[in-house]
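Student: Sharing a structure with you now.
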Amino acid sequence: MNRRLILPMLLALACAVPAVAQEEQSTAPYAYRQLDDPAKEARAQRLMETLRCLQCQGQSIADSDAPIAGSMRSLVRERIAAGEDPEAIRRWLIERYGDYVSYAPQLTGLTWPLFAVPLVLVLLAFVLLRRRFTGRAGA
Amino acid sequence: MSQTNPKAPMWVLWLPLTLFLGFAGLAAYMLAHPADNTVDSKLVGKPMPTFNLPPALPGRPGLDSKVLANGKPHLVNIFASWCVPCRVEAPQLGELAKAGVPIEGISVRDTTENLQGFLQENGDPFQRVGADDDGKVQLALGSSGVPETYVVDGKGIIVYQHIGEIRPEHLGLLLDKLKDAAE
């Protein structure tokens with residue numbers, strides 16, 4: 001590449017701005033501000049890490065920079081600051097968005113096999129292996 | 001080394017292959033039918049949450065949820081000036097407004113100036129526009145994006161949620177839902 005072109009190109013890059021600001025950033029008070037009380041902030045952080053961002057699904061609201069995640073962070077922090085229980089906030093969101101909004105698995109009529117099957121498999125393995133080991137010891 | 005048990009029944013031999021084919025079949029099916037990740041509001045069929053949003057525009061009332069229980073069905077449109085699909089649905093909202101449907105707006109994370117520009121450019125079908133600057137009411141409604149449109153009956157019960165822009169082919173469905181809500 002022509003070396004004389006590099007500087008003007010770098011300058012042009014530096015001047016480039018995003019063509020369209022796609023979305024307004026969240027202006028909610030606690031979207032980007034931590035709570036003053038470290039214990040409450042820690043509690044809020046623990047909850048935020050287990051809530052799904054509804055826009056960039058797959059990220060938690062603690063990790064996401066989407067505006068709606070900012071609004072959700074602010075909601076969580078404000079409610080924790082007001083003394084609400086983190087699990088109550090989770091329930092409030094599940095009431096509106098369904099289980100999908102929470103990363104913490106809930107034990108329900110639909111999900112209990114997920115918890116039961118590993119136990120059943122461990123029991124089955126124990127029964128099968130015990131027969132094999134006792135057989136070998138006896139032989 | 002492992003010994004084959006001469007007493008193992010025939011079907012045991014086929015079991016691993018059957019399991020594998022089962023998994024492969026499931027994987028193929030799931031690949032062909034990707035999961036629908038639309039997050040719909042669980043509030044459909046339930047009363048509109050109580051809120052009172054300040055006016056987003058000078059000279060136009062904000063949105064108090066009490067208005068939605070005044071005996072007539074309403075459309076509640078969640079939108080924003082920064083939202084591109086909201087421009088796409090603007091003509092359809094205009095048509096609904098012309099048909100006499102009361103449309104109430106909730107503008108999410110917006111500014112008065114941008115909002116005025118947006119309405120000037122795309123038409124203004126709204127009776128009231130409430131400013132949801134921090135997105136709290138959006139969360140209270142179980143809305144996961146913009147635009148979304150709720151059909152609310154005269155008692156303030158949410159009867160239908162439309163996610164995404166309203167395209168011309170959705171008008172019939174929305175008008176039907178509004179008619180059902182009026183009964």
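If you're wondering about the labels, chains in the structure tokens are A, B, ... by order shown, residues count from 1 in each chain, ligands from 1 in order shown.
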Quick one: residues within 10 Å of Lys40 in chain A, only C-alpha atoms, excluding same-chain residues fewer than 2 positions away - as an mmCIF file with C-alpha atoms, in the first residue's frame?
Tutor:
data_model
loop_
_atom_site.group_PDB
_atom_site.id
_atom_site.type_symbol
_atom_site.label_atom_id
_atom_site.label_comp_id
_atom_site.auth_asym_id
_atom_site.auth_seq_id
_atom_site.Cartn_x
_atom_site.Cartn_y
_atom_site.Cartn_z
ATOM 1 C CA GLN A 34 -23.835 1.372 41.504
ATOM 2 C CA LEU A 35 -25.689 1.597 44.780
ATOM 3 C CA ASP A 36 -23.812 3.452 47.507
ATOM 4 C CA ASP A 37 -24.221 0.599 49.968
ATOM 5 C CA PRO A 38 -21.743 -2.129 48.876
ATOM 6 C CA ALA A 42 -23.529 -6.993 45.828
ATOM 7 C CA ARG A 43 -27.048 -8.361 46.317
ATOM 8 C CA ALA A 44 -28.254 -6.479 43.222
ATOM 9 C CA GLN A 45 -25.257 -7.724 41.232
ATOM 10 C CA ARG A 46 -25.945 -11.345 42.178
ATOM 11 C CA ARG A 77 -31.047 -1.640 42.068
ATOM 12 C CA ILE A 80 -33.060 -3.583 46.355
ATOM 13 C CA ALA A 81 -32.241 -0.127 47.717
ATOM 14 C CA ALA A 82 -35.868 0.078 48.867
ATOM 15 C CA GLY A 83 -35.328 -3.161 50.773
#
Student: Counting only C-alpha atoms, which residues from chain B have an atom at most 10 Å from any atom of chain A, and could you show them as a ChimeraX atom specification?
Tutor: /B:37-44,80-84,108-111,132-145
Student: Could you save the residues just selected, with C-alpha atoms, as a PDB file, in the first residue's frame?
Tutor:
ATOM      1  CA  ASN B  37     -37.312 -16.464  20.936  1.00  0.00           C
ATOM      2  CA  THR B  38     -40.068 -13.872  20.985  1.00  0.00           C
ATOM      3  CA  VAL B  39     -40.740 -12.994  24.600  1.00  0.00           C
ATOM      4  CA  ASP B  40     -44.460 -12.381  24.853  1.00  0.00           C
ATOM      5  CA  SER B  41     -46.011 -10.645  27.802  1.00  0.00           C
ATOM      6  CA  LYS B  42     -47.610 -12.918  30.389  1.00  0.00           C
ATOM      7  CA  LEU B  43     -50.036 -10.118  31.217  1.00  0.00           C
ATOM      8  CA  VAL B  44     -52.360 -10.914  28.300  1.00  0.00           C
ATOM      9  CA  ALA B  80     -39.754   5.525  20.146  1.00  0.00           C
ATOM     10  CA  SER B  81     -38.343   7.984  17.665  1.00  0.00           C
ATOM     11  CA  TRP B  82     -35.091   5.981  17.492  1.00  0.00           C
ATOM     12  CA  CYS B  83     -36.965   2.820  16.514  1.00  0.00           C
ATOM     13  CA  VAL B  84     -36.785   2.081  12.795  1.00  0.00           C
ATOM     14  CA  VAL B 108     -39.686   4.801  25.558  1.00  0.00           C
ATOM     15  CA  ARG B 109     -36.317   6.431  26.334  1.00  0.00           C
ATOM     16  CA  ASP B 110     -36.991   9.410  24.100  1.00  0.00           C
ATOM     17  CA  THR B 111     -36.663  13.181  24.058  1.00  0.00           C
ATOM     18  CA  ASP B 132     -41.467   6.425  29.783  1.00  0.00           C
ATOM     19  CA  ASP B 133     -37.988   7.890  30.047  1.00  0.00           C
ATOM     20  CA  ASP B 134     -36.415   5.191  32.180  1.00  0.00           C
ATOM     21  CA  GLY B 135     -38.328   2.299  30.596  1.00  0.00           C
ATOM     22  CA  LYS B 136     -40.067   1.273  33.851  1.00  0.00           C
ATOM     23  CA  VAL B 137     -43.572   1.113  32.454  1.00  0.00           C
ATOM     24  CA  GLN B 138     -42.296  -0.903  29.508  1.00  0.00           C
ATOM     25  CA  LEU B 139     -40.980  -3.460  32.006  1.00  0.00           C
ATOM     26  CA  ALA B 140     -44.205  -3.338  34.031  1.00  0.00           C
ATOM     27  CA  LEU B 141     -46.132  -4.233  30.867  1.00  0.00           C
ATOM     28  CA  GLY B 142     -43.896  -7.201  30.083  1.00  0.00           C
ATOM     29  CA  SER B 143     -42.786  -5.596  26.846  1.00  0.00           C
ATOM     30  CA  SER B 144     -39.387  -6.653  25.568  1.00  0.00           C
ATOM     31  CA  GLY B 145     -38.890  -4.200  22.731  1.00  0.00           C
TER      32      GLY B 145
END
Student: Enter the distance from CA of Pro113 in chain A to CA of His33 in chain B, in Å, rounded to one decimal.
Tutor: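 One can read the CA of Pro113 in chain A to CA of His33 in chain B distance as 23.6 Å.
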Student: I need the residues in range 30-143 of chain B that are alpha helix (DSSP H) according to DSSP; give them as number ranges by chain.
Tutor: B: 30-32, 84-98, 112-122, 136-140
Student: Expressed in Å to a single decimal, how great is the separation between CA of Ile158 in chain B and CA of Lys46 in chain B?
Tutor: 5.8 Å
Student: Taking into account only C-alpha atoms, which residue in the set B:Ala182, B:Ala24, B:Ile106, B:Leu119 is nearest to Lys155 in chain B?
Tutor: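 Looking at the shortest contact to Lys155 in chain B, the residue is B:Ala182.
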Student: If we count only C-alpha atoms, what is near Ser65 in chain B at a cut-off of 12 Å, once residues fewer than 3 positions away on the same chain are taken out, given as a compact mmCIF listing (two decimals) with N, CA and C atoms, in the first residue's frame?
Tutor:
# COMPACT_ATOMS: atom_id res chain seq x y z
N PRO B 47 -55.28 -7.53 34.05
CA PRO B 47 -55.47 -6.07 34.01
C PRO B 47 -54.16 -5.34 33.70
N MET B 48 -54.31 -4.22 33.03
CA MET B 48 -53.18 -3.34 32.78
C MET B 48 -52.59 -2.89 34.12
N PRO B 49 -51.27 -2.96 34.27
CA PRO B 49 -50.69 -2.45 35.53
C PRO B 49 -51.01 -0.96 35.69
N THR B 50 -51.03 -0.52 36.93
CA THR B 50 -51.32 0.88 37.20
C THR B 50 -50.08 1.72 36.98
N PHE B 51 -50.22 2.77 36.21
CA PHE B 51 -49.10 3.70 36.02
C PHE B 51 -49.67 5.06 35.66
N ASN B 52 -48.85 6.07 35.78
CA ASN B 52 -49.26 7.41 35.39
C ASN B 52 -48.05 8.12 34.80
N LEU B 53 -47.98 8.14 33.46
CA LEU B 53 -46.81 8.70 32.80
C LEU B 53 -47.00 10.19 32.50
N PRO B 54 -45.96 10.97 32.71
CA PRO B 54 -46.05 12.40 32.41
C PRO B 54 -46.14 12.62 30.90
N GLY B 62 -50.38 13.23 29.17
CA GLY B 62 -49.60 12.00 29.36
C GLY B 62 -50.56 10.84 29.45
N LEU B 68 -57.49 3.86 30.45
CA LEU B 68 -57.67 2.64 29.67
C LEU B 68 -58.86 1.81 30.13
N ALA B 69 -59.42 2.17 31.29
CA ALA B 69 -60.58 1.43 31.79
C ALA B 69 -61.83 2.29 31.70
N ASN B 70 -61.92 3.14 30.68
CA ASN B 70 -63.05 4.08 30.61
C ASN B 70 -64.23 3.52 29.82
N HIS B 74 -59.00 0.31 23.73
CA HIS B 74 -57.91 1.18 23.29
C HIS B 74 -56.80 0.34 22.67
N VAL B 76 -52.74 0.48 22.86
CA VAL B 76 -51.61 1.13 23.51
C VAL B 76 -50.37 0.77 22.72
N GLU B 104 -53.27 5.21 22.22
CA GLU B 104 -52.48 5.88 23.26
C GLU B 104 -51.04 5.46 23.08
N GLY B 105 -50.13 6.43 23.19
CA GLY B 105 -48.72 6.13 22.97
C GLY B 105 -47.93 6.10 24.27
N ILE B 106 -46.93 5.22 24.30
CA ILE B 106 -45.93 5.25 25.37
C ILE B 106 -44.60 5.36 24.67
N ARG B 128 -53.00 10.46 23.38
CA ARG B 128 -52.13 10.82 24.51
C ARG B 128 -50.78 10.17 24.27
N VAL B 129 -49.74 10.81 24.77
CA VAL B 129 -48.42 10.19 24.70
C VAL B 129 -47.74 10.35 26.06
N GLY B 130 -47.48 9.24 26.70
CA GLY B 130 -46.80 9.25 27.99
C GLY B 130 -45.31 9.03 27.78
N VAL B 137 -42.23 1.57 32.80
CA VAL B 137 -43.57 1.11 32.45
C VAL B 137 -43.48 0.03 31.39
N ALA B 140 -42.99 -2.97 33.29
CA ALA B 140 -44.20 -3.34 34.03
C ALA B 140 -45.22 -4.01 33.11
N LEU B 141 -45.18 -3.66 31.82
CA LEU B 141 -46.13 -4.23 30.87
C LEU B 141 -45.64 -5.56 30.29
N VAL B 152 -56.40 -3.21 24.64
CA VAL B 152 -56.94 -3.18 26.01
C VAL B 152 -58.44 -2.98 25.92
N GLY B 154 -62.46 -2.33 27.45
CA GLY B 154 -63.01 -1.19 28.18
C GLY B 154 -62.82 -1.27 29.69
N LYS B 155 -62.56 -2.49 30.19
CA LYS B 155 -62.36 -2.63 31.65
C LYS B 155 -60.89 -2.52 32.01
N GLY B 156 -60.05 -2.29 31.01
CA GLY B 156 -58.62 -2.16 31.30
C GLY B 156 -57.89 -3.49 31.32
N ILE B 157 -58.50 -4.54 30.73
CA ILE B 157 -57.84 -5.84 30.65
C ILE B 157 -57.08 -5.93 29.31
N ILE B 158 -55.84 -6.39 29.37
CA ILE B 158 -55.07 -6.58 28.14
C ILE B 158 -55.61 -7.82 27.44
Student: Write out as a ChimeraX atom specification all residues of range 13-100 of chain A that backbone DSSP assigns to strand (DSSP E or B).
Tutor: /A:51-52,57,59-60
Student: I need the residues from that last selection saved to file as a short mmCIF file (atom, residue, chain, number, x, y, z; two decimals), in the first residue's frame (with C-alpha atoms), if you can.
Tutor:
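Output file out.cif follows:
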data_model
loop_
_atom_site.label_atom_id
_atom_site.label_comp_id
_atom_site.auth_asym_id
_atom_site.auth_seq_id
_atom_site.Cartn_x
_atom_site.Cartn_y
_atom_site.Cartn_z
CA LEU A 51 -31.58 -12.23 34.74
CA ARG A 52 -31.75 -12.44 30.97
CA GLN A 57 -30.93 -12.90 24.72
CA GLN A 59 -26.50 -12.17 27.95
CA SER A 60 -27.39 -11.31 31.48
#
